[in-house]
Structures are given as C-alpha cells and as structure tokens.
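First up is the structure itself, then whatever we jot down about it.
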Amino acid sequence: MPGQHTEYAFETAIEQHLTSAGGYEKGDREAFDPERGLFPRDVISFVQATQPKEWEYLSNLQKEKAEETLLDYLCRALNSGHEGCLSVLRHGFKCFGKLFRVAYFAPASGMNPDTQKLYAANRLTVTRQLRYSAKHGNTIDVTLALNGIPVSTLELKNPMTAQTWRHAITQYKNDRNPSDLIFQFKKRTLVHFAVDTDEVYMTTRLSGKGTRFLPFNRGCGGGAGNPENPGGYKTAYLWEEVLERHSFLDILARFIHLQVEEKQLGGKKVKREAMIFPRYQQLDCVRKLVADARVRGAGTNYLVQHSAGSGKSNSIAWLAHRLASLYTAKDEKVFDSIIVVTDRVVLDQQLQNTIYQFEHKQGVVQKIDINSTQLAEALGSGVPVVITTLQKFPFVTEKMGDLPMRRYAVIVDEAHSSQGGETATELKGVLAGAAIKEEARAKAEEEGLPDYEEEILKTMAKRGHQPNISFFAFTATPKYKTLEVFGTPGADGKPTPFHLYSMRQAIDEGFILDVLRNYTTYKTYYRLIKSIEDDPQVDKRKAARALARFMSLHPHNIAQKTEVMVEHFRHFTMHKIGGKAKAMVVTSSRLHAVKYKQAFDKYIALKGYTGIKTLVAFSGTVIDPDAPGVEYTEVGMNKGIREKELPERFGTEEYQVLLVAEKYQTGFDQPLLHTMYVDKRLAGIQAVQTLSRLNRTHPGKEDTFVLDFVNESEEILKAFQPYYEQTIIGERAQPKQLYELQAKLDGHQVYYKAEVEEFCKVFYKPSQKQTPADHARMNACIDPAVNRYNGLEEEVREEFRKTLVAFRNLYSFMSQVIPFQDSDLEKLYSYVRFLLTKLPRETLGPIYNFDDDVALKFYRLQKIGEGSIVMEAGARYEVSGPTSVGTGVARGDEIELSKLIDLLNERFGTEFKPGDQLFFESIREDAVADSSLRQAALANTMENFGYVFRKALEGLFIDRMEQNEEITAKFMNEDQFRDAVSQHLLKEVYEKIREEAEAANDK
C-alpha cells in the first residue's frame, strides 16, 4: 500500500497505539491557544469535573469571567520561575484563595474509591501536527498533554525516507525557537523526544544549536542501540511502555525533577538549573527493583552494576523515595526505614532536594553528619530516609540499646568500598539486633551454653543474611566479594547483577568518554652506579624495594618527569575544552606529592609560564628525610586553601593541575579534567577508578589523554576488561578452604587452643559482667603466641602471617555468604584479628636508605607506546574470589649489591640489534662450560635438567648483560620472551653437553 514507508504512517502507528491501548485520547489541534500555550477547554473541563466546589466558588465570584480568570492564574503559576509546570502539575496553584489542581497522581498505597475516581479523571491527549505559535506556521509532529497542559513533544523520522533521529535533532536545534512559549524551559513541555524506528534521543531543554540530546535507548548486545523487535518497531518501547498512561503519569509524579546547583564563579554565585528526566536504564532499574521488593518483601539482596557516568546519584534518590513509600498488594508497608550508606557529601543534598519536590514535606530525609547519637535517634524515631556513613553504626547500640524490630532497606553507594569487614557486620547487628539476640538466647538455653558462647552465637548470626534487611548495592566495578554477597543467582548458579548498564554502553552512548583511547606509556631507562667501595651482602627482595624507592624519589627523576608533564600540558592540554582543560598528577606517596609540587612550581617559575598553577592533595603531615625538621601539610603547600574548599577552588580558572597522593582518585567529579599523568603502580579496580576520573563529559570535551610513566598498557587493559561489559564470577571460594587454613595455622603451634578459648571467654563476656582486668587477660592470651612467633625462622614467620591474613579475610567474607554454625571458626577469627595487630611488622632491615651508596649515573625517558588500548566486546573476563592459595613467600636470595644494581639497571628493555645472535651464542657457550650444569645434564632427562637450567640461566644473562643490555632486560621482564629463549637454549645446551661427553668417551 503506497505511503506505508513514510513518516506519516509512523506517526499514525504511534497515535493509534496510544489511543487504543495506551490510555490516551485524540487531541484537537484547533483547540490549542498559542498565546497561553494550553488547550483551554481541556483545562476547564478537568477542573469542573474534579473540583466542583472550588469551581462553584470561583464562578460565584467571577461570573462569566471565571474561565478566563482561572486560565490567567494558571498561566501566571506556569510562567513563574518559582513554580513552573512541574510544580503546578504536582501541587496545584492558588486562585482567589482556593487551591486548584490540574492533575491527580496515584498515591503510593491502595487507593480509596474517591482517589481512584480523581486519578481516572486525568485526561492524556496525543495531538498530531500541532501549530504551536501564532507567529509562524511550524508544527510539531506529536504533542502529549495532561489535562490541557502540554508536557512532551516528539519529532518523528523514518529511515525508509532517508531521515533519521539525527534529522529530528537538527530540526529541534535549528527550527524550534526556545522562546516560543510551548518550548520555554520549565514553563510548558518538560521533555522532547527525537524518534525514528531504530533509536530514541531526548532533551529537557531546548537551547538552539547548544541543545544537548541524550540517548534514550535500551541497549543492544552490551552496547548502544536497541534490539530487534519481532512484534514491530525497535523503538516501540517508547510509546508502549514509557509513555503508556500509568507509566507516564508515574514519571511526572515521581521521577522528573529540577536539579539546582549553585557555584562560585569569579566571586559571583551562579545558579544552574537542569530538568532531570530519567534515562531508560535508570527508569528500568528503579522500577524492576521496586517491583521485586514489593513481591519479596524485606530480606533480599540486589546488585546494580551501573557504569560511572550513568547517574547513580539520581537512581539512588528515586529508589530511596519509592522504597520509603512502598506498599504490598495488601496495602502493608514493605520497609519501615530506608538507610542510604555513602561517603559522598553531595548525595545528601541531592536526595533532600529531589524528595522535597515530590512530596513538599520536610523531615523525610535526615543526614547524619554529627555523631552516632544522631544516627541512633533517627533510627529510633523512624525517619523515612536516613543518609549516613558506615562508620557510625558500631556505636549505635551503646547509645540506645536494641532498636525495635523493623524492616529496613539499605542502599549502598559504591558497594565494594563500604561493605567490608566488621563495620558492615555491625550495621546488620544494629538493624536486626532484637531478633538475633532472641534466637541466640533460645539456642543457648536449649544447649545449656555459658554466657560467652551465647555472645558468639549472636556475632555469627550478625554476619549472615538478615530476614528484616534488604540491601540494594550500587557499583560500577563489582569485586568478587560484592557479586557473591549481593548478586542474584544466574542460570549457572553463579551470582550476577540484578541490573546492568555497562561501561561499554555508557561509552557508546556518549554518557562517558573512553579514557583508554589516548594512552601513552613511558619507560624509564637508567643506569645506577655503585658509589661505595665495599660490596655488602644484602637481601635481594628488600634491597630491590629500597632501590626502586630511591630511584623514584631522585631529584633528577622528578625534574625530568616534571618537565615532560608541564611541557605536555602547555602544548597539548591547556588548549582543550575551550582553554579550560585541567590535569591530575597521580603520585605513589605523600612524599612524592610534596616533591612534585615543589618541582612543578620551581619549573613553572623558572620558565616564567603563566596560565598554569598547581594544587596538591594529601592527608596529614609529611616530613622530608632530606630536610630534617621541615614539615609539609596540604593546606600549607596550597597557601591556606582548606581541605573542603580544594575541589571547588580547583574547579575555578585559577588552577589547572592537581597533584594527588591517595586522594581524589575515587568519587571526585570534575568534568574539566582532561589529562592524567600517572607515576604510580595501578592495578585492578584501583586502576579503573583512578583513570575514570577523566571520563566525565562536558560541552567541548571531545577526548581525554593519559601519560603513564609506570604501568604497561597490557596491565591497564587487564584491569578494565572485566568491567567493560558484565562482570562474571570465576573460581568460587569454598568453605573447605577455611578448614584447610585453620589446619595449617594450628600446625604451626604458634597459638594454643586453650589460649583462644580463654581469650574468647573474656572478649565475648556480656557487657554488664565486664571488669577493668579483662583487657589485661586478653593480652595475656595473645602475648605467648607473639613470643612463639618471634622464635620462628624468618620464612616461616612470613608464611604464618600471610596464612593468618588469608584466614581472617576469607572468614570475614564467607560468613556473609554462608550461614556458619561452627563457633570454633568464629573464635579463631576473633583471636586472629587481635593477634595480627600485635605481631611485629617486618621491616626492610638495615638496608633501606641508598642515598649515600648509590648515585644516578645516566637517566632518560623514552616514549614506548602511543595510541589506544582497545577493550574487547563480547569477551568473558572473570573475577575470582579469595582462596587459601598465595600464602607462600619468596626466599630472599643473598646477592652482591653490584649484581643487584646491574639487574635493576637492565630491567627496562630497548630494541634489538643485528648482532644479537652472537650474544645468544655467548650465553650458550657459558652454559655448556658451567661444571654444575654439565653434571646436571649428564645425570638427568632433558625435562628434569630444565628445572636446573632455567634457574641458572638468569645468572648467565646477568653475567653478560654488559654485552647486550636490551636482550637482558627483555629476558628479565617479559615472561613470553624468557620462555621462548629458555626453551631454545635448553635444547641446544643439553644436546651439546651430551655430545661433547660422548665424543670424550669415544676418544
């Protein structure tokens, strides 16, 4: 049929669905009043039908002018900067002393017949080709209105006519005047959609060519776009799900909100407003969580893996509000209180502002910013939404005793950082205390256990799942533990996120930037020379650490890198983002941060550069060993800028470079951050979180740049890949590993079971029975074990300590996942935690300061890699859990200091030369001539000889490294290269030794 492929047919299909199945009526475009920006007849008829008493009052006062008066007052409220369309829809407007409503939204709990009738009276209309201005003849493809007030527009395009959503966006930017009343920000329409048959984009503010549209797509195969729809258009979810009557009314009532930010710019306070409409993933996530919690009730854990830049703050705000007013199908409240656990300062204000817009009530949200007494009072009085840090929970019980038995929803912001160890256990203990105590008391009475055993039962119960607490954990980078504790079992039984919005999709959709796209690595080439006459024997492993630290802090090293960074910033970075781009320098220690701050300021002053000023961020006080008696603080080095002021001051035009040590590497949101200089070893989640500081978008920000002095691109790829799409569990931790570790620890006989038992009798003694002598008794149970530990050989000590740590970490984790009933494990765990704090720390021994022993002879930086680190789509990369392995320790081989220095000198490789074959031949001849290797080759098979040969080969390379530094360094550093060379030489050496032996025998 002709015309089936046109835009008109697409428009008709949408209208037909909305009016037949979506709960809409057909709008009359001739009834629109462009001067008022309304459908006046619809407004009046709604008020007359739903508020007859108020209408009668106004009619008696204004007679025939009643309609005009009501519309005038409505327009005044809609056009008001204070109220605006959204506020009027939710809370009504005043006219001659009476409150008039222009919409009725569904209450959270079951509706009584009167409320149901009012809600049903809402009239949603869909109007095609609306001529919206008296000044020109332009029309909008589709306009959606609620009771006569236009709330949304859609421009439709059909790719079959060579028009796509891109053309719709161009039309909004170029042909839709933002000053036309229907488009004016906050006054009428709240959201605009650019739609074709494949994709949807949306904006809440038209600003001409500066309008920013965001994707509103479901995602497809882990990336952007939409999946195929066997039943019709790929974008049908927009009008079938999102704009459906009940869904759209719910969005208007409890999702869309005005976000207001006040910033200090050049001595002035600037207010920025943004209308927030939920992205598809946010809407889908919150609704699915709420629907599941309504059915399951309290006692369920949920994991939300949403990428950085996905708007987690808004998702948490919407979820908190909805859970606080969530009722079951039988009209019973699901949760008595919502607790948001976060370390982010901005989240509390955002939550309060957002929820106030929904309810116009104060006291719904309370931030705990003073102490644990404040938290105890908020929990005791049943504040609907409490925002706090995890650290305040351990002290709540002592402030007010047990809380009454209630049901809680705990929303955890950045789950992996705030759900570890004993503090998380205390949170559960506080919120489920009464039930835990009752259960422990009943079991203790039944089995005739003493008081302290009852306390142990309580503590074990605290660690596990609590039937009155649901956890909603949000993170972009779930660790193995996070998946195990909060994940939902998938088809293979392994835990998976309840809802996923991947890093890949966020990058594809342009919500965040790909920080690995422009990644350059530098390697340091240097030669250290020995500047002392004697050649002391030192522990190879410990001395290597000290030498590496000496190298990284050497003034020449810092000066060279500083020059590279400053010059790079001036030539490449400072012109980005319209000249507003900023950089961060990530240093490996507080002392490094101090040294770099001094070096940057010195170099900038020496060169007379302007437009580049630095700030430094580190905690506490730093003492420079090179300047005894001189102390450095962050505030002092930043000339009096207070710690809390620093993020805002860095955001101004005055400062361009921020040098950090362990601060601002997580949770720091500065969209103008364009470049990162990395002089610190990064791995795993830390690498992802640190580099992700760059990924925030900003108008004019098209890319990012990383200059890395330390890490290999392969290591960074390995860190990012598990979080690119869905994070998958690998090898799972098993309870039997705990018993293996327990047996291993018992076997060392460092502690005795009687000491553990006696310690626990005191430690778990009920508070009312505790005495001042208890502390001494606990120490008396631990000190004998410390003495036995000190008597062990160094290697055994190190192995025992690592096994202790492995047991502590594994039990702390496993007890959250599996309900253990083994009090022996709990007792040992309690004892081990305190034993670890009393064991002496291993030091570097006498060799830890090489400043006098070693001088820097030769140093240079060389760029070795430039380009993109490309993450792989569709690949399965797993995260694995804690196990009992990895508790061994490498032996500290004795080595002459000169050889160790040579080894370090050659660790960083260069390129091959044509005469490299001669070097391999020299190594082979050395090996053949080695008497111990000859004996081993003659007495063993080639396979067994390989064990001896590979150990000896490193020494042979070191002996000849002066002849070929590049190959030696490559051999020492690159596993694959070393394996290939070793395999090749093994065969040649083995065969030559045996050939020579046979030839000698023949003679």
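Following the order of the structure tokens, first chain is A, next is B, and so on, with residues numbered from 1 inside each chain and ligands from 1 in the order they appear.
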- Item | Within 8 Å of region 990-1002 of chain A using only C-alpha atoms, minus same-chain residues under 2 positions, as a PyMOL selection string | chain A and resi 928+934+937-938+942+945+986-988
- Counting only C-alpha atoms, what is within 6 Å of region 743-757 of chain A, bar same-chain residues fewer than 6 positions away, as a VMD selection string? chain A and resid 781 785 788 to 789
Go ahead and write the selection's residues with C-alpha atoms as a PDB file, in the first residue's frame.
ATOM      1  CA  CYS A 781      46.195 -14.839  75.984  1.00  0.00           C
ATOM      2  CA  ALA A 785      51.733 -16.580  70.747  1.00  0.00           C
ATOM      3  CA  ARG A 788      56.497 -18.133  69.836  1.00  0.00           C
ATOM      4  CA  TYR A 789      56.088 -16.281  66.516  1.00  0.00           C
TER       5      TYR A 789
END
- Have a look at A:Asn229, A:Thr675, A:Thr837, A:Thr153 and name the one nearest to Asn518 (chain A); count only C-alpha atoms.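 Distance minimum relative to Asn518 (chain A) lands on A:Thr675.
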- If you run DSSP on this backbone, which residues of region 673-732 of chain A come out as alpha helix (DSSP H), and could you give them as an NGL selection string? :A and (684-691 or 713-720)
